[in-house]
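Data block below; observations after.
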Amino acid sequence: MKKYYSFSSTEHIEDRKVQELMGIRGKRVMELATLGAPILPGFMIPNETVNELILKPSDAKKFFIEPVAKVERLLGKRFNDEKNPMLIKVVESPQLNMIHAFSIHNIGLCDKTISGFTTFVGEEFAYHEYRNILIKLTELEQKTDTDINRQTQLKEFSKNLKSSKKPHKIRELIEENKTLFPSEIFSNAYDQLFYIIKLLQSFYKKRSSNIDSAILIQAMTFGNYGEESYYGSYYTRNIITGENEISGKFFENAFDATATEGKQITKIDSLFLKDLKKIADELEKYFKEVRQIRFTVENGRLWVIDQVPVPNKSTQSEIKTLLDLHADKVVDDSYVIHAIKPGRLAEILHPVIDLESAEKLPNIQEGIAGAVGAAIGKVYFTTEKLIKAHKRAIQTDQDSNFILAMPATFAEDVKAIEVAKGVLSSEGGYASHAPVVARSLGKVSLLYPDIKFGSDCLKIGDKTVKEGDYLSLNVPYYEMPSIYFGKVDLIKPSPEGSGLFELLEIVQRNIGDFDVHANADQPKDAQLAKLFKAAGIGLCRTEHMFFHEKRINTFRAMIIAGDRKERIKALDELKEMQVADFYKLFKIMEGLPVTIRLLDAPLHEFLPHTRDSMTQFVKFMKSKYPKLSENEIRLRCDMLEEFNPMLGHRGVRIAISYPEIYNMQTRAIFEAAYSLKKEGIKTKPEIMIPLVMSANEIKTIRNGKKIEGGAITGIKDIEKEVRDNFKSDPIEYKVGTMIELPAAALQADKIAQYAEFFSFGTNDLTQTTNGLSRDDFNAFFSDYNEFDLLEQNPFKFLGEQVKELIKLAIDRGRLTRPDIIMGLCGEHGAEPANISFVKDIGLNYVSCSPYGIPIAKLAIAQLNLKHSN
């Protein structure tokens with residue numbers, strides 16, 4: 001007959017082959033024993049041994065005497081004893097992890113031992129536990145017995161036991177139903193134990209899954225067993241803050257957490273507290289993560305019941321645990337970097353919902369994650385109303401948390417997104433206006449295509465939300481987004497003190513040559529990017545610099561100018577703003593490359609889209625140009641409307657039609673750079689020409705061109721003019737382009753003659769390659785997904801056709817200019833799933849919103865370490 005395998009704080013099995021025979025739970029208890037923790041003693045019986053015992057039942061009682069006796073000696077109690085009985089539990093320990101592994105507790109509690117047990121715990125608790133073992137036994141009988149009549153009787157017995165609470169009633173029921181079971185299980189603990197094991201084995205064989213299971217037999221202790229007895233549960237550290245101090249509760253003279261009011265674990269007797277801290281420290285070092293530990297103190301002796309992982313620990317807690325382990329040299333850089341999923345860092349960078357506060361609120365789980373995080377606030381359906389409500393709230397010291405809810409957003413809505421906590425929209429997708437702006441501003445964005453907007457309300461499913469009602473948005477990185485109808489509590493992010501910066505130090509050591517730049521348009525974005533160790537700014541979208549309410553009307557005036565003179569007047573005002581903008585960005589990113597994309601967005605996007613904003617713009621224009629009529633202003637706006645604006649008058653095409661616009665921006669860039677050079681601050685401007693489809697376009701903007709009756713002044717000429725004005729030596733700068741059209745990718749070799757860097761704008765490249773509108777795609781994506789025509793959203797995960805164009809452009813570009821710098825600055829750059837491809841094909845960097853930088857850096861470090869092993 002095969003052996004049993006005992007375990008305790010002084011005995012364990014280290015043989016890996018033997019451990020495999022013990023199943024999942026057996027291995028877990030052996031791990032505790034290995035650490036010398038004061039675990040409850042017991043023994044394991046392999047499946048093969050159980051089968052042999054059942055074939056030779058006469059040997060069974062004799063078999064159990066020896067391992068049970070070892071447990072008795074350690075516990076100071078005896079199994080089957082009338083005065084102070086030791087009780088045990090039998091737990092299934094399958095080879096595979098199962099959700100519903102079977103277990104029965106309090107074995108050994110029978111007519112012979114109940115009186116002795118009652119002496120220590122009281123009659124009510126004793127019979128409650130006696131009742132429980134019989135309920136479990138009845139359930140097991142029902143799973144294995146085929147006698148229909150007996151099945152009915154067992155079911156009735158179980159039902160009556162469950163509804164009985166009083167000891168005398170439980171005694172009566174047991175007496176009335178003893179004939180349903182072998183009589184010896186009520187008179188002898190060993191017979192009861194063996195009978196249960198036989199039933200378990202029969203149950204295994206009847207179960208459809210062919211999973212071998214060992215049996216774990218372990219002593220039980222009780223936190224209500226005499227004086228100085230407790231039950232407790234605690235974590236090896238705070239699971240929210242990560243503070244290295246055990247946290248949890250203990251319950252005096254209680255079997256579990258329901259009997260009495262708990263006290264903080266740190267208030268327990270100092271002798272036990274010292275041991276609990278030591279156990280916590282050893283477990284964290286062994287498992288290399290936060291663990292939860294359950295324990296009992298029975299008559300002054302501490303016993304660990306079990307320990308389990310903590311799936312609901314915060315990212316901050318996980319990071320701080322790893323950093324402490326790293327400091328103690330328990331883990332190395334590689335372990336720390338691989339232990340955290342990149343997307344989980346979003347939890348530290350953005351607010352998260354306190355799920356406990358959301359338990360009772362109605363909610364819907366659906367939608368598209370535009371920008372991760374959590375937000376609560378009163379809902380407003382227009383920018384004007386939200387801005388007014390925000391001002392009123394600030395003035396009256398009221399709640400200033402708001403959610404902007406609109407079908408889609410435009411340039412004029414940026415000011416509302418900026419003051420709101422989140423934006424809820426129904427049109428577009430991951431790469432549409434609202435999510436892109438929200439990501440750049442660190443706001444939350446959720447797209448829910450099925451929202452029905454009314455004049456003063458919206459409908460989501462059967463729920464109606466009126467203006468001013470509270471909504472809560474939860475947009476996690478890996479799970480499905482949720483909308484809660486009401487107000488929840490938020491856990492606010494705090495990168496400082498979270499361990500994130502210390503983690504980034506470790507990550508940065510393993511980044512190598514391929515790094516992360518930031519998409520940053522404002523000084524606060526640049527400061528955040530610098531904090532997160534960005535290697536530069538990979539995309540400054542200059543059109544975003546004009547969204548501010550103090551600038552937008554001046555910019556609009558420039559757009560609808562009636563002639564060049566009028567346009568230059570507006571540009572002169574804007575230039576001072578742009579010089580200040582670029583000066584601040586260059587100064588913050590001192591010595592690092594700053595890629596500035598000249599104006600790209602379709603001009604009509606900046607024009608008023610609502611009655612209120614048009615009224616305000618007309619008022620502004622008439623103050624500047626009193627002779628201009630309202631009809632003329634409206635007509636000029638209407639004239640800029642395009643049928644297909646994303647492929648219309650935007651990007652480099654604006655510079656060809658209105659060279660003075662790019663000239664102003666270029667001059668502002670160089671004036672800011674040379675001003676800083678004069679102050680002794682090094683800058684590295686990189687000027688990006690967007691939406692180029694041929695080499696001639698970038699050649700013209702870079703070098704200039706004269707034709708009869710007109711001329712375009714080149715970037716080179718403007719730089720020289722500014723340099724001469726400053727009487728300075730030349731600065732280092734580059735001119736490059738964004739590859740966002742298939743035509744540009746195909747002509748990359750020719751374009752590279754005039755471009756010193758390429759930046760792949762994969763949002764537009766995906767649109768133009770596939771003929772998909774990023775703003776309309778989600779209307780039919782679910783249909784394509786359902787029929788397996790598109791597995792993933794191509795605006796989040798790079799498609800094969802786009803990848804092929806990127807590879808082709810890289811190869812052709814480097815044939816012409818081997819040292820050309822190339823990066824990817826679309827929103828795809830923040831997605832860890834794309835980074836492997838981007839790195840492998842030889843790009844130099846990805847660029848993403850500041851809040852995506854830590855996520856992208858961690859993904860890169862993981863790839864580097866994976867390839868180095």
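A note on labels: chains of the structure tokens are A, B, ... as shown, every chain counts residues from 1, and ligands are counted from 1 in their shown order.
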(message) Please list as a ChimeraX atom specification every residue within 9 Å of segment 680-689 of chain A, counting only C-alpha atoms and excluding residues in the same chain fewer than 4 positions away.
(response) /A:538-539,586-587,589-600,651-652,666,669-670,673-676,698,701-702,715,731-738,755,757-759
(request) Can you pull out every residue within 10 Å of Asp81 of chain A, counting only C-alpha atoms, but drop anything in the same chain fewer than 5 positions away, and send it as a count of residues only? (result) 11
(message) Considering only helix (DSSP H, G or I) as DSSP defines it on the backbone, what residues of segment 646-852 of chain A qualify? List them as number ranges by chain.
(response) A: 646-647, 652-657, 659-678, 695-703, 715-726, 742-746, 748-751, 762-770, 778-786, 800-816, 827-830, 832-840, 850-852
(message) I want to know what sits within 7 Å of Ile417 of chain A, based on only C-alpha atoms, with residues of the same chain fewer than 6 positions away left out; could you give that as a ChimeraX atom specification?
(response) /A:404,423,438
Produce a file of the selected residues containing C-alpha atoms, as a tab-separated table (two decimals), in the first residue's frame.
```tsv
chain	number	residue	atom	x	y	z
A	404	LEU	CA	-20.07	65.89	-21.02
A	423	VAL	CA	-16.95	62.48	-21.83
A	438	ALA	CA	-9.65	62.93	-23.54
```
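Each of A:Arg551, A:Lys857, A:Arg16, A:Lys678 was checked against Leu504 of chain A using only C-alpha atoms; the smallest atom-to-atom distance is that of A:Lys857.
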(message) as a ChimeraX atom specification, please: the residues near Arg817 of chain A (cut-off 8 Å, only C-alpha atoms, same-chain neighbours under 3 positions excluded).
(response) /A:752-753,756,813-814,820
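A straight line drawn from atom CA of Leu154 of chain A to atom CA of Ile88 of chain A is 23.8 Å long.
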(request) Kindly indicate which residue among A:Phe186, A:Phe777, A:Tyr380, A:Phe64 lies nearest to Tyr430 of chain A, using only C-alpha atoms for the distances. (result)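 Of the candidates, the smallest distance to Tyr430 of chain A is held by A:Phe777.
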(request) In Å, rounded to a single decimal, give me how far atom CA of Tyr845 of chain A is from atom CA of Asn763 of chain A. (result)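 Interatomic distance here is 16.5 Å.
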(request) Between A:Leu447, A:Val50, A:Leu322, A:Val802, single out the one closest to Glu502 of chain A, counting only C-alpha atoms. (result)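 When distances to Glu502 of chain A are compared using only C-alpha atoms, the smallest one comes from A:Leu322.
Non-sequential neighbours of Thr34 of chain A (distance at most 9 Å, separation of 5 or more positions within a chain, only C-alpha atoms) are Ser8, Ser9, Thr10, Glu11, His12, Ile13, Glu14 and Val29 of chain A.
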Would you output that residue set with C-alpha atoms, as a PDB file, in the first residue's frame?
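Writing done, so here's again.pdb:
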```pdb
ATOM      1  CA  SER A   8       3.249  20.239   9.843  1.00  0.00           C
ATOM      2  CA  SER A   9       5.478  23.185  10.708  1.00  0.00           C
ATOM      3  CA  THR A  10       8.334  20.701  11.215  1.00  0.00           C
ATOM      4  CA  GLU A  11       7.581  18.103   8.519  1.00  0.00           C
ATOM      5  CA  HIS A  12       7.029  18.430   4.791  1.00  0.00           C
ATOM      6  CA  ILE A  13       7.776  16.783   1.450  1.00  0.00           C
ATOM      7  CA  GLU A  14      10.213  18.476  -0.936  1.00  0.00           C
ATOM      8  CA  VAL A  29      -0.275  23.326   2.196  1.00  0.00           C
TER       9      VAL A  29
END
```
(request) Would you work out the distance separating atom CA of Arg439 of chain A from atom CA of Leu790 of chain A, expressed in Å to one decimal? (result) 25.0 Å
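The smallest atom-to-atom distance between Leu571 of chain A and any of A:Ile305, A:Ile559, A:Leu216, A:Val722, using only C-alpha atoms, is found for A:Ile559.
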(message) Taking 2 positions as the minimum chain separation for residues in the same chain, which residues sit within 12 Å of Lys415 of chain A when counting only C-alpha atoms? Answer as an MDAnalysis selection string.
(response) chainID A and resid 382:388 390 404 409:413 417:421 423 434 437:438 441 544:552
All residues 10 Å or closer to Leu180 of chain A, only C-alpha atoms, same chain fewer than 2 positions away omitted, as a PDB file with N, CA, C and O atoms, in the first residue's frame:
```pdb
ATOM      1  N   THR A 138     -25.106  14.371   3.595  1.00  0.00           N
ATOM      2  CA  THR A 138     -26.334  14.108   2.837  1.00  0.00           C
ATOM      3  C   THR A 138     -26.173  14.540   1.379  1.00  0.00           C
ATOM      4  O   THR A 138     -26.608  13.835   0.459  1.00  0.00           O
ATOM      5  N   GLU A 141     -24.121  11.933  -0.327  1.00  0.00           N
ATOM      6  CA  GLU A 141     -24.937  10.735  -0.550  1.00  0.00           C
ATOM      7  C   GLU A 141     -25.832  10.916  -1.789  1.00  0.00           C
ATOM      8  O   GLU A 141     -25.968  10.007  -2.609  1.00  0.00           O
ATOM      9  N   ARG A 150     -34.558   6.579  -1.441  1.00  0.00           N
ATOM     10  CA  ARG A 150     -33.596   7.080  -0.466  1.00  0.00           C
ATOM     11  C   ARG A 150     -33.176   8.516  -0.800  1.00  0.00           C
ATOM     12  O   ARG A 150     -32.993   9.340   0.097  1.00  0.00           O
ATOM     13  N   GLN A 151     -33.050   8.791  -2.086  1.00  0.00           N
ATOM     14  CA  GLN A 151     -32.725  10.153  -2.514  1.00  0.00           C
ATOM     15  C   GLN A 151     -33.750  11.149  -1.979  1.00  0.00           C
ATOM     16  O   GLN A 151     -33.397  12.226  -1.483  1.00  0.00           O
ATOM     17  N   GLN A 153     -35.705  10.797   0.634  1.00  0.00           N
ATOM     18  CA  GLN A 153     -35.591  10.895   2.092  1.00  0.00           C
ATOM     19  C   GLN A 153     -34.392  11.763   2.504  1.00  0.00           C
ATOM     20  O   GLN A 153     -34.491  12.577   3.430  1.00  0.00           O
ATOM     21  N   LEU A 154     -33.280  11.576   1.789  1.00  0.00           N
ATOM     22  CA  LEU A 154     -32.094  12.373   2.077  1.00  0.00           C
ATOM     23  C   LEU A 154     -32.338  13.858   1.818  1.00  0.00           C
ATOM     24  O   LEU A 154     -31.914  14.734   2.585  1.00  0.00           O
ATOM     25  N   PHE A 157     -34.448  15.238   4.626  1.00  0.00           N
ATOM     26  CA  PHE A 157     -33.638  15.344   5.844  1.00  0.00           C
ATOM     27  C   PHE A 157     -32.749  16.595   5.779  1.00  0.00           C
ATOM     28  O   PHE A 157     -32.679  17.380   6.728  1.00  0.00           O
ATOM     29  N   ILE A 174     -31.824  14.133  13.947  1.00  0.00           N
ATOM     30  CA  ILE A 174     -30.770  13.120  13.780  1.00  0.00           C
ATOM     31  C   ILE A 174     -31.283  11.755  14.217  1.00  0.00           C
ATOM     32  O   ILE A 174     -31.099  10.747  13.508  1.00  0.00           O
ATOM     33  N   GLU A 176     -34.330  10.680  14.349  1.00  0.00           N
ATOM     34  CA  GLU A 176     -35.379  10.207  13.433  1.00  0.00           C
ATOM     35  C   GLU A 176     -34.821   9.681  12.118  1.00  0.00           C
ATOM     36  O   GLU A 176     -35.462   8.869  11.449  1.00  0.00           O
ATOM     37  N   ASN A 177     -33.635  10.124  11.731  1.00  0.00           N
ATOM     38  CA  ASN A 177     -33.115   9.790  10.389  1.00  0.00           C
ATOM     39  C   ASN A 177     -31.833   8.970  10.395  1.00  0.00           C
ATOM     40  O   ASN A 177     -31.180   8.838   9.356  1.00  0.00           O
ATOM     41  N   LYS A 178     -31.477   8.416  11.548  1.00  0.00           N
ATOM     42  CA  LYS A 178     -30.230   7.638  11.635  1.00  0.00           C
ATOM     43  C   LYS A 178     -30.228   6.426  10.711  1.00  0.00           C
ATOM     44  O   LYS A 178     -29.176   5.982  10.249  1.00  0.00           O
ATOM     45  N   PRO A 182     -25.195   4.297   7.812  1.00  0.00           N
ATOM     46  CA  PRO A 182     -24.667   3.215   8.665  1.00  0.00           C
ATOM     47  C   PRO A 182     -24.588   3.700  10.115  1.00  0.00           C
ATOM     48  O   PRO A 182     -24.139   4.823  10.368  1.00  0.00           O
ATOM     49  N   SER A 183     -25.009   2.902  11.039  1.00  0.00           N
ATOM     50  CA  SER A 183     -25.103   3.327  12.443  1.00  0.00           C
ATOM     51  C   SER A 183     -23.751   3.705  13.036  1.00  0.00           C
ATOM     52  O   SER A 183     -23.667   4.576  13.913  1.00  0.00           O
TER      53      SER A 183
END
```
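Using only C-alpha atoms, the nearest neighbour of Gly226 of chain A within the list A:Gln201, A:Ser270, A:Ser314, A:Asn84 is A:Asn84.
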(request) Name the residues of segment 222-260 of chain A that come out as strand (DSSP E or B) in a backbone DSSP run; write them as a count of residues only. (result) 12
(request) Name the closest residue to Tyr231 of chain A among the candidates A:Gly300, A:Pro167, A:Pro57, A:Pro495; distances are taken between atoms, counting only C-alpha atoms. (result)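 Once distances to Tyr231 of chain A are computed over only C-alpha atoms, the minimum belongs to A:Gly300.
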